[in-house]
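Worksheet: the structure to be examined is printed underneath.
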Amino acid sequence: MRIEAITVIPQVFEPYVTASILGRARKAGVFSFEAYDLREWTHDRHRTVDDAPFGGGQGMLMKPEPIFEAVEDVASRHAERPHVVFFSPCGTPFTQRLAERLSNEERLLFVCGRYEGIDERAYALADEVISLGDYVLTGGELAALAVTDAVVRLLPGALGDEMSAVDESFSDGLLEYAQYTRPAEYRGMAVPDVLLSGDHGAVDRWRRESSLVRTAKLRPDLLASATLSDSERALVERALAESAPRAEEGGEHGQAL
Ligand code: SAH
């Protein structure tokens, strides 16, 4: 997959996409990544990319011309037309499902906003607009990196173990089960016996139960779209009834679900 980003701070991408899992995947040719400096498509001495908003108000907006020219120029550099993604708090919330859909694209081109945002006309270039969540960042770069990260780890060959992307949070509409590694006991906290039993059937059942109870307690909203058997539904109802009066006690993590 070819991933490209248009940004006013291209230097922030390289450290992340060269490190660890992404770095290995990039070296192995699973994806390529290139960040372009939007200022390359300005024509004035100061390389201006922003201007004051019509109608007044605070801050500066990104001008449409450099963005149009940059997207058109970068897009034309390869035969494959890119899927163009803009980032904005007004976009579609980013989810694992969206990451899965984007992982089927051959070429992604990200446009990162800055300042108070982007002239509305530039969104005509967007195939889609994505929000990282209900908060405001200073720019779209972290959103572009988050989407790159979530998408790349779904590509064949990106993770060492092909299975590890299958069995995790959201892949079946639920949160992942609790996990443990050595030591079996630490500071008085023991790993559940069943995980040490070597009984794979029992381990699978425990994991499914952990996943269901944890989802019911931490993210009951996710259960609406999950497929559950009658007994699983009953288990979830019990977990929900239990968690309701204790909701203010704080985190579920560490309760060995
Ligand atoms: N004034 C805008 C926010 C601008 S923040 C508003 O109120 O909607 C500047 C840039 O940061 C945006 O253009 C966008 O590219 C990026 N950004 C900020 N928050 C974001 C979020 N939650 N998700 C995705 N991109 C975001």
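All residue names refer to the structure tokens as shown: chains lettered A, B, ... in order, residues numbered from 1 in each chain, ligands numbered from 1 in order.
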
Compile the contact shell of Gly160 of chain A as a list in words: residues with an atom at most 12 Å away, counting only C-alpha atoms, same-chain residues fewer than 4 positions apart removed.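 What passes the distance filter is Ser20, Ile21, Leu22, Arg24, Ala25, Ala28, Arg153, Leu154, Leu155, Pro156, Ser164 and Ala165 of chain A.
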
8 Å contact set for segment 105-119 of chain A, only C-alpha atoms, chain neighbours under 6 positions out, as an NGL selection string: :A and (1-8 or 58-64 or 75 or 80-88 or 138-141 or 144)

Could you take the residues named above and write them with N, CA and C atoms, as a PDB file, in the first residue's frame?
ATOM      1  N   MET A   1       0.835  -1.198   0.000  1.00  0.00           N
ATOM      2  CA  MET A   1       0.000   0.000   0.000  1.00  0.00           C
ATOM      3  C   MET A   1       0.872   1.250   0.000  1.00  0.00           C
ATOM      4  N   ARG A   2       0.443   2.220  -0.793  1.00  0.00           N
ATOM      5  CA  ARG A   2       1.173   3.489  -0.822  1.00  0.00           C
ATOM      6  C   ARG A   2       0.409   4.505   0.045  1.00  0.00           C
ATOM      7  N   ILE A   3       1.081   5.067   1.062  1.00  0.00           N
ATOM      8  CA  ILE A   3       0.444   6.075   1.912  1.00  0.00           C
ATOM      9  C   ILE A   3       1.231   7.377   1.797  1.00  0.00           C
ATOM     10  N   GLU A   4       0.504   8.464   1.571  1.00  0.00           N
ATOM     11  CA  GLU A   4       1.150   9.771   1.457  1.00  0.00           C
ATOM     12  C   GLU A   4       0.383  10.788   2.291  1.00  0.00           C
ATOM     13  N   ALA A   5       1.094  11.812   2.749  1.00  0.00           N
ATOM     14  CA  ALA A   5       0.438  12.835   3.557  1.00  0.00           C
ATOM     15  C   ALA A   5       0.895  14.213   3.097  1.00  0.00           C
ATOM     16  N   ILE A   6      -0.041  15.137   3.047  1.00  0.00           N
ATOM     17  CA  ILE A   6       0.272  16.540   2.753  1.00  0.00           C
ATOM     18  C   ILE A   6       0.084  17.310   4.058  1.00  0.00           C
ATOM     19  N   THR A   7       1.111  18.076   4.443  1.00  0.00           N
ATOM     20  CA  THR A   7       1.170  18.635   5.792  1.00  0.00           C
ATOM     21  C   THR A   7       2.098  19.846   5.808  1.00  0.00           C
ATOM     22  N   VAL A   8       1.974  20.704   6.798  1.00  0.00           N
ATOM     23  CA  VAL A   8       2.967  21.784   6.925  1.00  0.00           C
ATOM     24  C   VAL A   8       4.116  21.375   7.843  1.00  0.00           C
ATOM     25  N   GLN A  58     -11.545  34.364  15.151  1.00  0.00           N
ATOM     26  CA  GLN A  58     -10.185  34.108  15.618  1.00  0.00           C
ATOM     27  C   GLN A  58      -9.381  33.245  14.653  1.00  0.00           C
ATOM     28  N   GLY A  59      -8.077  33.457  14.682  1.00  0.00           N
ATOM     29  CA  GLY A  59      -7.166  32.522  14.036  1.00  0.00           C
ATOM     30  C   GLY A  59      -7.119  32.611  12.529  1.00  0.00           C
ATOM     31  N   MET A  60      -6.369  31.676  11.964  1.00  0.00           N
ATOM     32  CA  MET A  60      -6.134  31.656  10.528  1.00  0.00           C
ATOM     33  C   MET A  60      -6.649  30.344   9.942  1.00  0.00           C
ATOM     34  N   LEU A  61      -7.000  30.420   8.661  1.00  0.00           N
ATOM     35  CA  LEU A  61      -7.483  29.225   7.966  1.00  0.00           C
ATOM     36  C   LEU A  61      -6.504  28.833   6.878  1.00  0.00           C
ATOM     37  N   MET A  62      -6.462  27.554   6.539  1.00  0.00           N
ATOM     38  CA  MET A  62      -5.621  27.129   5.425  1.00  0.00           C
ATOM     39  C   MET A  62      -6.302  27.512   4.113  1.00  0.00           C
ATOM     40  N   LYS A  63      -5.530  28.142   3.252  1.00  0.00           N
ATOM     41  CA  LYS A  63      -6.042  28.610   1.955  1.00  0.00           C
ATOM     42  C   LYS A  63      -6.342  27.419   1.054  1.00  0.00           C
ATOM     43  N   PRO A  64      -7.309  27.559   0.156  1.00  0.00           N
ATOM     44  CA  PRO A  64      -7.616  26.414  -0.701  1.00  0.00           C
ATOM     45  C   PRO A  64      -6.583  26.137  -1.805  1.00  0.00           C
ATOM     46  N   ALA A  75      -1.351  13.375  -6.542  1.00  0.00           N
ATOM     47  CA  ALA A  75      -2.196  12.304  -7.103  1.00  0.00           C
ATOM     48  C   ALA A  75      -1.699  11.879  -8.475  1.00  0.00           C
ATOM     49  N   GLU A  80      -2.144   4.861 -10.050  1.00  0.00           N
ATOM     50  CA  GLU A  80      -3.270   4.555  -9.162  1.00  0.00           C
ATOM     51  C   GLU A  80      -3.823   5.843  -8.553  1.00  0.00           C
ATOM     52  N   ARG A  81      -5.110   6.115  -8.742  1.00  0.00           N
ATOM     53  CA  ARG A  81      -5.710   7.291  -8.133  1.00  0.00           C
ATOM     54  C   ARG A  81      -5.791   7.094  -6.623  1.00  0.00           C
ATOM     55  N   PRO A  82      -5.366   8.072  -5.797  1.00  0.00           N
ATOM     56  CA  PRO A  82      -5.424   7.847  -4.341  1.00  0.00           C
ATOM     57  C   PRO A  82      -6.835   8.034  -3.782  1.00  0.00           C
ATOM     58  N   HIS A  83      -7.087   7.333  -2.691  1.00  0.00           N
ATOM     59  CA  HIS A  83      -8.278   7.582  -1.882  1.00  0.00           C
ATOM     60  C   HIS A  83      -7.896   8.749  -0.965  1.00  0.00           C
ATOM     61  N   VAL A  84      -8.556   9.898  -1.136  1.00  0.00           N
ATOM     62  CA  VAL A  84      -8.124  11.122  -0.445  1.00  0.00           C
ATOM     63  C   VAL A  84      -8.901  11.294   0.856  1.00  0.00           C
ATOM     64  N   VAL A  85      -8.148  11.394   1.959  1.00  0.00           N
ATOM     65  CA  VAL A  85      -8.748  11.509   3.290  1.00  0.00           C
ATOM     66  C   VAL A  85      -8.342  12.827   3.924  1.00  0.00           C
ATOM     67  N   PHE A  86      -9.324  13.619   4.325  1.00  0.00           N
ATOM     68  CA  PHE A  86      -9.069  14.824   5.112  1.00  0.00           C
ATOM     69  C   PHE A  86      -9.340  14.493   6.578  1.00  0.00           C
ATOM     70  N   PHE A  87      -8.727  15.257   7.481  1.00  0.00           N
ATOM     71  CA  PHE A  87      -8.971  15.051   8.908  1.00  0.00           C
ATOM     72  C   PHE A  87      -9.634  16.277   9.507  1.00  0.00           C
ATOM     73  N   SER A  88     -10.665  16.027  10.299  1.00  0.00           N
ATOM     74  CA  SER A  88     -11.387  17.123  10.936  1.00  0.00           C
ATOM     75  C   SER A  88     -12.218  16.576  12.087  1.00  0.00           C
ATOM     76  N   THR A 138      -4.144  20.145  17.512  1.00  0.00           N
ATOM     77  CA  THR A 138      -3.628  21.328  16.817  1.00  0.00           C
ATOM     78  C   THR A 138      -3.462  21.060  15.326  1.00  0.00           C
ATOM     79  N   GLY A 139      -3.472  19.786  14.931  1.00  0.00           N
ATOM     80  CA  GLY A 139      -3.328  19.485  13.508  1.00  0.00           C
ATOM     81  C   GLY A 139      -3.754  18.065  13.184  1.00  0.00           C
ATOM     82  N   GLY A 140      -3.840  17.761  11.906  1.00  0.00           N
ATOM     83  CA  GLY A 140      -4.279  16.440  11.480  1.00  0.00           C
ATOM     84  C   GLY A 140      -3.172  15.385  11.463  1.00  0.00           C
ATOM     85  N   GLU A 141      -1.951  15.779  11.824  1.00  0.00           N
ATOM     86  CA  GLU A 141      -0.832  14.841  11.684  1.00  0.00           C
ATOM     87  C   GLU A 141      -0.974  13.616  12.589  1.00  0.00           C
ATOM     88  N   ALA A 144      -3.462  11.388  11.077  1.00  0.00           N
ATOM     89  CA  ALA A 144      -2.905  10.664   9.925  1.00  0.00           C
ATOM     90  C   ALA A 144      -2.032   9.504  10.404  1.00  0.00           C
TER      91      ALA A 144
END

When distances are computed from only C-alpha atoms and all ligand atoms, which of A:Phe170, A:Tyr135, A:Tyr186, A:Trp206 shows the smallest separation from ligand 1? A:Tyr135

Have a look at A:Ser131, A:Tyr177, A:Arg26, A:Phe54 and name the one nearest to ligand 1; count only C-alpha atoms and all ligand atoms. A:Ser131

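Within segment 84-171 of chain A, residues classed as strand (DSSP E or B) by DSSP on backbone coordinates are A:Val84, A:Val85, A:Phe86, A:Phe87, A:Ser88, A:Pro89, A:Cys90, A:Gly91, A:Thr92, A:Pro93, A:Arg107, A:Leu108, A:Leu109, A:Phe110, A:Val111, A:Ile118, A:Glu128, A:Val129, A:Ile130, A:Ser131.
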
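Proximity to ligand 1 was assessed for A:Gln96, A:Leu235, A:Ala122, A:Phe13 counting only C-alpha atoms and all ligand atoms; the smallest distance is recorded for A:Ala122.
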
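The two atoms in question, atom CA of Leu125 of chain A and atom 12 (C, counted along the ligand's line) of ligand 1, are spaced 15.3 Å apart.
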
Nearest to ligand 1 by atom-to-atom distance, counting only C-alpha atoms and all ligand atoms, from A:Ala239, A:Ile130, A:Ala150, A:Val191: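 Result for the nearest residue to ligand 1: A:Ile130.
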
If we count only C-alpha atoms and set the cut-off at 10 Å, which residues sit around Arg47 of chain A, ignoring sequence neighbours fewer than 5 positions away in its own chain? Please answer as a PDB file with N, CA, C and O atoms, in the first residue's frame.
ATOM      1  N   LEU A  38       3.340  21.059   2.330  1.00  0.00           N
ATOM      2  CA  LEU A  38       2.336  21.836   1.590  1.00  0.00           C
ATOM      3  C   LEU A  38       2.932  23.109   0.999  1.00  0.00           C
ATOM      4  O   LEU A  38       2.490  23.594  -0.048  1.00  0.00           O
ATOM      5  N   ARG A  39       3.941  23.654   1.675  1.00  0.00           N
ATOM      6  CA  ARG A  39       4.518  24.933   1.201  1.00  0.00           C
ATOM      7  C   ARG A  39       5.189  24.809  -0.170  1.00  0.00           C
ATOM      8  O   ARG A  39       5.439  25.804  -0.838  1.00  0.00           O
ATOM      9  N   GLU A  40       5.465  23.589  -0.602  1.00  0.00           N
ATOM     10  CA  GLU A  40       6.017  23.411  -1.962  1.00  0.00           C
ATOM     11  C   GLU A  40       5.046  23.892  -3.030  1.00  0.00           C
ATOM     12  O   GLU A  40       5.439  24.129  -4.167  1.00  0.00           O
ATOM     13  N   TRP A  41       3.773  23.994  -2.678  1.00  0.00           N
ATOM     14  CA  TRP A  41       2.766  24.399  -3.673  1.00  0.00           C
ATOM     15  C   TRP A  41       2.275  25.830  -3.443  1.00  0.00           C
ATOM     16  O   TRP A  41       1.169  26.176  -3.806  1.00  0.00           O
ATOM     17  N   THR A  42       3.133  26.640  -2.810  1.00  0.00           N
ATOM     18  CA  THR A  42       2.827  28.072  -2.686  1.00  0.00           C
ATOM     19  C   THR A  42       3.669  28.815  -3.716  1.00  0.00           C
ATOM     20  O   THR A  42       4.668  28.274  -4.215  1.00  0.00           O
ATOM     21  N   PRO A  66      -3.137  26.158  -2.316  1.00  0.00           N
ATOM     22  CA  PRO A  66      -2.032  25.184  -2.188  1.00  0.00           C
ATOM     23  C   PRO A  66      -2.547  23.756  -1.991  1.00  0.00           C
ATOM     24  O   PRO A  66      -1.933  22.805  -2.495  1.00  0.00           O
TER      25      PRO A  66
END

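Among A:Thr92, A:Ser243, A:Val49, A:Arg238, the residue with the shortest atom-to-atom distance to Leu218 of chain A, counting only C-alpha atoms, is A:Ser243.
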
Just the number, please: distance in Å from atom CA of Asp199 of chain A to atom CA of Leu174 of chain A, one decimal. 23.3 Å

Counting only C-alpha atoms, figure out which residue out of A:Gly23, A:Gly173, A:Pro220, A:Pro15 gets nearest to Thr95 of chain A.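 Comparing A:Gly23, A:Gly173, A:Pro220, A:Pro15 against Thr95 of chain A, the winner is A:Gly173.
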
Please provide the set of residues having any atom within 12 Å of Ser229 of chain A, restricted to only C-alpha atoms, with same-chain residues fewer than 3 positions apart removed, written as an MDAnalysis selection string. chainID A and resid 208:209 212 226 232:236

Using only all heavy atoms, please write the residues we just selected to a file, as a CSV table (one decimal), in the first residue's frame.
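Listing of again_10.csv after writing:
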chain,number,residue,atom,x,y,z
A,208,ARG,N,-13.7,-16.0,26.2
A,208,ARG,CA,-15.0,-15.5,25.7
A,208,ARG,C,-15.8,-14.8,26.8
A,208,ARG,O,-16.3,-13.7,26.6
A,208,ARG,CB,-15.8,-16.6,25.0
A,208,ARG,CG,-17.1,-16.2,24.5
A,208,ARG,CD,-17.0,-15.5,23.2
A,208,ARG,NE,-18.4,-15.1,22.7
A,208,ARG,CZ,-18.6,-14.3,21.7
A,208,ARG,NH1,-17.6,-13.7,21.1
A,208,ARG,NH2,-19.8,-14.0,21.3
A,209,GLU,N,-15.8,-15.4,27.9
A,209,GLU,CA,-16.5,-14.9,29.1
A,209,GLU,C,-15.9,-13.5,29.5
A,209,GLU,O,-16.6,-12.6,29.8
A,209,GLU,CB,-16.5,-15.9,30.2
A,209,GLU,CG,-17.5,-15.7,31.2
A,209,GLU,CD,-17.7,-16.9,32.2
A,209,GLU,OE1,-17.9,-18.0,31.7
A,209,GLU,OE2,-17.5,-16.7,33.4
A,212,LEU,N,-16.8,-10.9,27.1
A,212,LEU,CA,-18.2,-10.4,27.2
A,212,LEU,C,-18.4,-9.6,28.5
A,212,LEU,O,-19.1,-8.5,28.4
A,212,LEU,CB,-19.1,-11.7,27.3
A,212,LEU,CG,-19.3,-12.4,26.0
A,212,LEU,CD1,-19.9,-13.8,26.2
A,212,LEU,CD2,-20.2,-11.6,25.1
A,226,ALA,N,-23.3,-6.8,18.7
A,226,ALA,CA,-22.5,-8.1,18.8
A,226,ALA,C,-23.5,-9.3,18.7
A,226,ALA,O,-24.7,-9.2,19.1
A,226,ALA,CB,-21.8,-8.2,20.2
A,232,GLU,N,-24.9,-16.5,26.6
A,232,GLU,CA,-24.0,-15.3,26.6
A,232,GLU,C,-24.7,-14.0,27.0
A,232,GLU,O,-24.3,-13.2,27.7
A,232,GLU,CB,-23.3,-15.1,25.3
A,232,GLU,CG,-22.2,-16.2,25.0
A,232,GLU,CD,-21.5,-16.1,23.7
A,232,GLU,OE1,-22.1,-15.5,22.8
A,232,GLU,OE2,-20.5,-16.7,23.5
A,233,ARG,N,-25.9,-13.9,26.4
A,233,ARG,CA,-26.8,-12.8,26.7
A,233,ARG,C,-27.1,-12.7,28.2
A,233,ARG,O,-27.0,-11.6,28.8
A,233,ARG,CB,-28.1,-12.9,25.8
A,233,ARG,CG,-29.0,-11.8,25.7
A,233,ARG,CD,-28.5,-10.5,25.2
A,233,ARG,NE,-28.2,-10.4,23.7
A,233,ARG,CZ,-27.6,-9.4,23.1
A,233,ARG,NH1,-27.3,-8.3,23.8
A,233,ARG,NH2,-27.3,-9.4,21.9
A,234,ALA,N,-27.4,-13.9,28.8
A,234,ALA,CA,-27.7,-13.9,30.2
A,234,ALA,C,-26.5,-13.5,31.0
A,234,ALA,O,-26.6,-12.8,32.0
A,234,ALA,CB,-28.1,-15.4,30.6
A,235,LEU,N,-25.3,-14.0,30.6
A,235,LEU,CA,-24.1,-13.6,31.3
A,235,LEU,C,-23.9,-12.1,31.3
A,235,LEU,O,-23.5,-11.5,32.3
A,235,LEU,CB,-22.9,-14.3,30.6
A,235,LEU,CG,-21.5,-14.0,31.2
A,235,LEU,CD1,-21.3,-14.8,32.5
A,235,LEU,CD2,-20.4,-14.5,30.2
A,236,VAL,N,-24.1,-11.5,30.1
A,236,VAL,CA,-24.0,-10.1,30.0
A,236,VAL,C,-25.0,-9.3,30.8
A,236,VAL,O,-24.6,-8.3,31.5
A,236,VAL,CB,-24.1,-9.8,28.5
A,236,VAL,CG1,-24.5,-8.3,28.2
A,236,VAL,CG2,-22.9,-10.1,27.7

Helix (DSSP H, G or I) positions in segment 184-242 of chain A, given as a PyMOL selection string: chain A and resi 193-196+200-218+220-225+230-242

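Going from atom CA of Gly91 of chain A to atom 20 (C, counted along the ligand's line) of ligand 1 covers 8.6 Å.
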